[in-house]
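Chemist: Take a look at this one; I'll ask things after.
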Amino acid sequence: MNKFDKEQILHTSGVNVLKCMRCGKCSATCPSYDEMEYHPHQFVYMVEKGDIEKLMASKSIYKCLSCYACVERCPRGVEPAKVVEAVRLQVIRRQGANHLTPDDIPALLDEDLPQQAIVTAMRKYSK
Amino acid sequence: MQRIGVFVCWCGSNIAATVDVSAVSEALSHEPGVVFSTNYQYMCSEAGQNLIKDAVREHKLTGVVICSCSPRMHEMTFRKAVASTGLNPYMVEIANIREQCSWIHKDKAAATEKAIILGRAAIAKVHLNAPLTAGQSPVTKRALVIGGGIAGIQTALDIADAGFEVDIVEKQPTIGGKMTQIDKTFPTLDCAACILTPKMVDCAQNEKINIFAYSEVEEVKGFVGNFHVKINKKARYVDTTKCTGCGECTEKCPMKKIPNEFNLGLDNRRAIYIPFAQAVPKVATIDPDHCNMLKNGKCGLCAKVCSAGAIDYKQKDETIEREYGAIVVATGYNPIKLDQYDEFAYSQSPDVVSSLEFERLTNAAGPTGGTLLRPSDGKHPHTLVFVQCVGSRCSQEGKGKSYCSKICCMYTAKHAMLTREKYPDTEVYVFYIDVRSPGKNYDEFYRRAVEDYGVHYVKGMVGKVTPRSDGKLMVQASDLLAGEQMHIEADMVVLAAAIEPDKSARPLATMLTASMDTNDFFTEAHAKLRPVESPTAGIFLSGACQGPKDIPDTVAQAGAAASKVIGLLCKDQLTCNPCVAHADQLMCNGCSSCEKVCPYGAITYEDKEFRMPDRTTAIRRVASVNEAVCQGCGACTVACPSGAMDLKGFSNSQIMAEVDAICKM
Amino acid sequence: MQDVKTFRPKIVAFCCNWCSYAGADLAGTNRLNYPADVKIIRVPCSCRVNPMFILRAFQRGADGVILCGCHPGDCHYSTGNYYARRRMTLLFSMLDYLGIEKERTRVEWVSAAEGAKFAATMNEFVETVRQLGPNKRLEDLRCKK
């Protein structure tokens, strides 16, 4: 049980994982389910258990599209996508460095790159 | 000065764990007028009551203060105990140190201090208590049942069986309710119509039962034993005394394309219709929104074909006014609307149906004659997906109901089982969160669906249903135990919709001044001990209007409600609440302020002769309260400018004494 | 002047027997905490509460008074809570004029099923009054023993 990381994740995500009634609708609705090693409902359950090392080591945290379908459909208002994002942030914070800073952006700018991709990248790769 | 006894209850550890009971009884023993103070483990037990009775006799007590649970719980118990000693029962006051002290506080010192203050307030009040005698009021020996579903029918039959008159008010053209739409009933698979329709006929034939179908309650006045109710009997445009129910008119009516409510819009009916063959009363009804004759004055075909001459286009709504002693609410439930669940494609594909629609599709009297066919193309479905908990157990405001709808697990098991039994070539999937099957032979029934009929129960939920152009429904779901996402090509998807109280319940509750919970289910007087009574005296609850219920539970509750009604109607006189208003006529200046605010018309004015200070006499107009009519709300006491009006049991001086005791710390 | 941290206000709550008193019982049954400073007086209906009672409470040193009744339309006696609402609106504005802050007085509708709302209301009300400090304006020092 990784208490420190669990508390950090709960704090940054603002999610109460105890609200989950384990129906699995988040995973049922997830479009990148097959890409993920751990699925949305497992994120919620494993964070509740404090089983966080496995999640942080998994590539699943980068496979989440942040489409928020799970957040929209969850009947209990648990917001699994926010948990996934919080785990991702926890990895970045532990590494002690952002993968992407605002200063890096001008050099990376590409005319064909949609604006939203930059926003998403910022969200995924920096704290 | 009163001689007061104080009795502090431990309530086992419920009070004693957070309140130092001996400190409370010790502190209160020093209050003025207190001659006896003690504490005991369970005051409400026989030993505890005897302790009180003995103390009243031994110490010649004139007032009793009990520090215990809420007066809503045991006030009557203690009043009865005290009355058996000869002391007036209204000399008892209760300090609520359980619900409003020990259970909500953790700090023992603070809770003890508060308990002492609450005790002091009760002592201060009891000092000013006066013996009260309850009046009597007569009981009208007739009951009203609102709602003619299985709950209302059973209640009415049981009350009539005891020899009392019962009126059933049903807003639909026929009694029978939701059960008429159901095909088979779990867990025995009896045909619903076979067990319901005889009861409907019994209702119609029972001379004690009077059915007001196609009617609604418009106004309720009065109180327990003496309700005065206005019922609006809507115009059917058919003389019910002449109509034989032959159905000739319903064949000839040219307005053919009106969605049939009985089959949930899966087929059509005419503008003049009989909801179904076994309807009670079996008479035709004209739908005024669609009838050409009523709308435009053209047609009149039904009147021409009616050999009984029953059609009356000029019929008007009729108001019936009747007196009742008791009212039973049996307004039932409805499945919620599914339009907002886009992910299940309910409004996009006709092959995504609710469970009640599925019920009609498998019913021999339904639109397909009992053969399971897809609503879109009329073909036989091979793969069916059942989704549970649609809108139930949802904590998201506006997206569904927070409660479990209770009946869905079992009827889904029934649907799945019957589908597999009739059509062994089908594949049936049931997606569940939990299977809830507590009940006699319920779990065995669900296991039979799995073990004997090969229904695929999958722990998980459906996330998305996408209708494909070839008519298939792509179901994307999670299988949590296998840890995989499933993609099923289904022919039909059946949604187990949450159930909610009927929309008519809320305005009815307001009329009856009966309380409701946040979900619009009627509240019972006590969750465990008084489950079929409303907190409002004389109002009883039957069936799903009180909470989701299956048929066995509904019938059991209906019988229980009936027995409570019979218990009430058996009495010739009811003991009134003696805590009623009282006018001090010497102080009354005859201003009529009280008369204007009284919701019951309990205050009248009379001319009375008074001796004046100068030894002359004068006739003055003064208020007088009819104690049998007054309900004791106290609105008049505040309106009275001269302070002549007071409420017995909650007098100005008593409440003021409580305020003083609480503020004096 | 008492410290805000240690100040424990005296709160008198008038609760209608049919809704809020039952709501308070439900809060107890569900073990929902609220401060012990709140003391409840049971009245048959919110319309039984004479403005005099509230004045008396302030005179005797109460720091806040709350009146709880049934939701509009749900009064056990049909119209009692409407009378209460009108009377209290007038009384509270008069009290405000006298220097009793509006936050010290409140009317709240709590049904028999709203135990959680009762506890939340009390927690919030006590905290508001605690921040305001003791009521000095109307307290009659002669009433102190």
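In the structure tokens, chains take letters A, B, ... by order of appearance, with residues numbered from 1 within each chain and ligands from 1 in the order shown.
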Please list as a ChimeraX atom specification every residue within 7 Å of Ile499 of chain B, counting only C-alpha atoms and excluding residues in the same chain fewer than 5 positions away.

Modeler: /B:333-336,405

Chemist: Output C-alpha atoms for every residue in that selection, as a CSV table (one decimal), in the first residue's frame.

Modeler:
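Everything below was put into out_35.csv:
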chain,number,residue,atom,x,y,z
B,333,TYR,CA,-45.2,3.7,-9.9
B,334,ASN,CA,-44.0,4.3,-13.5
B,335,PRO,CA,-40.8,3.4,-15.3
B,336,ILE,CA,-38.7,6.4,-15.9
B,405,SER,CA,-35.6,-0.2,-8.1

Chemist: Name the residues in contact with Gln100 of chain B at a cut-off of 9 Å, using only C-alpha atoms, excluding same-chain residues fewer than 5 positions from it; report them as a PyMOL selection string.

Modeler: (chain B and resi 69-70+105) or (chain C and resi 24-25+27-28+36+39-40)

Chemist: Could you turn the residues from that selection into a file that holds C-alpha atoms, as a PDB file, in the first residue's frame?

Modeler:
ATOM      1  CA  CYS B  69     -35.523   8.890  23.136  1.00  0.00           C
ATOM      2  CA  SER B  70     -37.660  11.099  20.912  1.00  0.00           C
ATOM      3  CA  HIS B 105     -22.455  14.271  19.965  1.00  0.00           C
TER       4      HIS B 105
ATOM      5  CA  ALA C  24     -33.761  16.217  13.623  1.00  0.00           C
ATOM      6  CA  ASP C  25     -34.621  12.739  14.890  1.00  0.00           C
ATOM      7  CA  ALA C  27     -30.211  13.215  11.831  1.00  0.00           C
ATOM      8  CA  GLY C  28     -29.817  11.514  15.216  1.00  0.00           C
ATOM      9  CA  ALA C  36     -24.282  20.657  21.135  1.00  0.00           C
ATOM     10  CA  LYS C  39     -31.205  23.112  21.723  1.00  0.00           C
ATOM     11  CA  ILE C  40     -34.485  22.170  20.121  1.00  0.00           C
TER      12      ILE C  40
END

Chemist: As JSON, numbers by chain, please: every residue in segment 294-449 of chain B that DSSP puts in alpha helix (DSSP H).

Modeler: {"B": [294, 295, 296, 301, 302, 303, 304, 305, 355, 356, 357, 358, 359, 360, 361, 408, 409, 410, 411, 412, 413, 414, 415, 416, 417, 418, 419, 420, 421, 422, 442, 443, 444, 445, 446, 447, 448, 449]}

Chemist: Tell me the residues of chain A close to chain B, meaning within 8 Å using only C-alpha atoms, as a list in words.

Modeler: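 Listed by rising number, the hits are Arg22, Cys23, Gly24, Lys25, Cys26, Ser27, Ala28, Thr29, Cys30, Tyr33, Asp34, Arg73, Pro75, Arg76 and Gly77 of chain A.
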
Chemist: Produce a table with one row for each residue of chain C that has an atom at most 6 Å from any atom of chain B, each row naming the nearest atom pair and its distance in Å at one decimal; use only C-alpha atoms; arrange rows by chain and rising residue number; format as a Markdown table.

Modeler:
| residue | atom | partner | partner_atom | distance |
| --- | --- | --- | --- | --- |
| C:Asp25 | CA | B:Glu99 | CA | 5.0 |
| C:Gly28 | CA | B:Glu99 | CA | 4.1 |
| C:Arg31 | CA | B:Ile104 | CA | 5.2 |
| C:Leu32 | CA | B:Ile104 | CA | 5.7 |
| C:Asn33 | CA | B:Ile104 | CA | 4.6 |
| C:Pro44 | CA | B:Cys633 | CA | 5.7 |
| C:Cys45 | CA | B:Cys633 | CA | 5.4 |
| C:Cys47 | CA | B:Ala635 | CA | 5.0 |
| C:Arg48 | CA | B:Gly634 | CA | 4.5 |
| C:Asn50 | CA | B:Val638 | CA | 5.2 |
| C:Ala57 | CA | B:Val659 | CA | 5.9 |
| C:Arg60 | CA | B:Cys663 | CA | 5.8 |
| C:Gly61 | CA | B:Cys663 | CA | 5.9 |
| C:Ala62 | CA | B:Cys663 | CA | 5.7 |
| C:Asp74 | CA | B:Thr510 | CA | 5.6 |
| C:His76 | CA | B:Thr513 | CA | 5.1 |
| C:Ala113 | CA | B:Asp517 | CA | 5.3 |

Chemist: Quick one: distance from atom CA of Glu251 of chain B to atom CA of Pro350 of chain B in Å, one decimal?

Modeler: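 Value for the atom CA of Glu251 of chain B-atom CA of Pro350 of chain B distance: 27.4 Å.
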
Chemist: Can you measure atom CA of Lys141 of chain B to atom CA of Ala162 of chain B for me? One decimal in Å is fine.

Modeler: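 Answer for the atom CA of Lys141 of chain B to atom CA of Ala162 of chain B separation: 11.5 Å.
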
Chemist: When you look at segment 4-14 of chain C with a cut-off of 6 Å (counting only C-alpha atoms), what residues show up, excluding the ones that are within fewer than 2 positions of it in the same chain? I need them as a PDB file with C-alpha atoms, in the first residue's frame.

Modeler:
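Here's the written file selection.pdb:
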ATOM      1  CA  GLN C   2     -14.734  36.111  24.251  1.00  0.00           C
ATOM      2  CA  ASP C  37     -24.961  24.409  21.246  1.00  0.00           C
ATOM      3  CA  VAL C  38     -28.241  23.803  19.438  1.00  0.00           C
ATOM      4  CA  LYS C  39     -31.205  23.112  21.723  1.00  0.00           C
ATOM      5  CA  ILE C  40     -34.485  22.170  20.121  1.00  0.00           C
ATOM      6  CA  ILE C  41     -37.943  23.201  21.294  1.00  0.00           C
ATOM      7  CA  ALA C  62     -29.517  33.482  23.097  1.00  0.00           C
ATOM      8  CA  ASP C  63     -27.025  34.205  20.329  1.00  0.00           C
ATOM      9  CA  GLY C  64     -29.093  32.848  17.479  1.00  0.00           C
ATOM     10  CA  VAL C  65     -32.602  31.585  16.847  1.00  0.00           C
ATOM     11  CA  ILE C  66     -33.625  29.315  14.008  1.00  0.00           C
ATOM     12  CA  LEU C  67     -37.155  28.285  13.089  1.00  0.00           C
TER      13      LEU C  67
END

Chemist: Report as number ranges by chain all protein, DNA and RNA residues lying within 10 Å of Gly48 of chain B, evaluated on only C-alpha atoms, omitting residues in the same chain fewer than 5 positions from it.

Modeler: B: 7, 9, 39-43, 53-54, 78, 81

Chemist: Which neighbours of Cys16 of chain C fall inside 7 Å, counting only C-alpha atoms, when residues of the same chain fewer than 6 positions from it are skipped, and could you give them as an NGL selection string?

Modeler: :C and (42-46 or 68-69)

Chemist: Limited to C-alpha atoms, could you put the picked residues into a file as a CSV table (one decimal), in the first residue's frame?

Modeler:
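Produced file out-v3.csv, reproduced below:
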chain,number,residue,atom,x,y,z
C,42,ARG,CA,-40.8,21.1,19.9
C,43,VAL,CA,-43.8,23.1,18.6
C,44,PRO,CA,-46.8,21.6,16.8
C,45,CYS,CA,-46.3,23.8,13.8
C,46,SER,CA,-44.0,26.6,12.8
C,68,CYS,CA,-37.6,25.1,11.1
C,69,GLY,CA,-40.9,24.1,9.4

Chemist: Give me the residues near Tyr97 of chain C as number ranges by chain, where near means some atom within 12 Å (using only C-alpha atoms) and where sequence neighbours in that chain fewer than 6 positions away do not count.

Modeler: C: 90-91, 137-138

Chemist: What's the 12 Å shell around Glu79 of chain A, counting only C-alpha atoms, without same-chain residues fewer than 5 positions away, as a PyMOL selection string?

Modeler: (chain A and resi 10+13-20+25-27+40-41+43-44+66-74+84-86) or (chain B and resi 396)

Chemist: Taking only C-alpha atoms into account, which of B:Gln136, B:Ser68, B:Ser37, B:Ser469 comes nearest Asn626 of chain B?

Modeler: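 The shortest atom-to-atom distance to Asn626 of chain B comes from B:Gln136.
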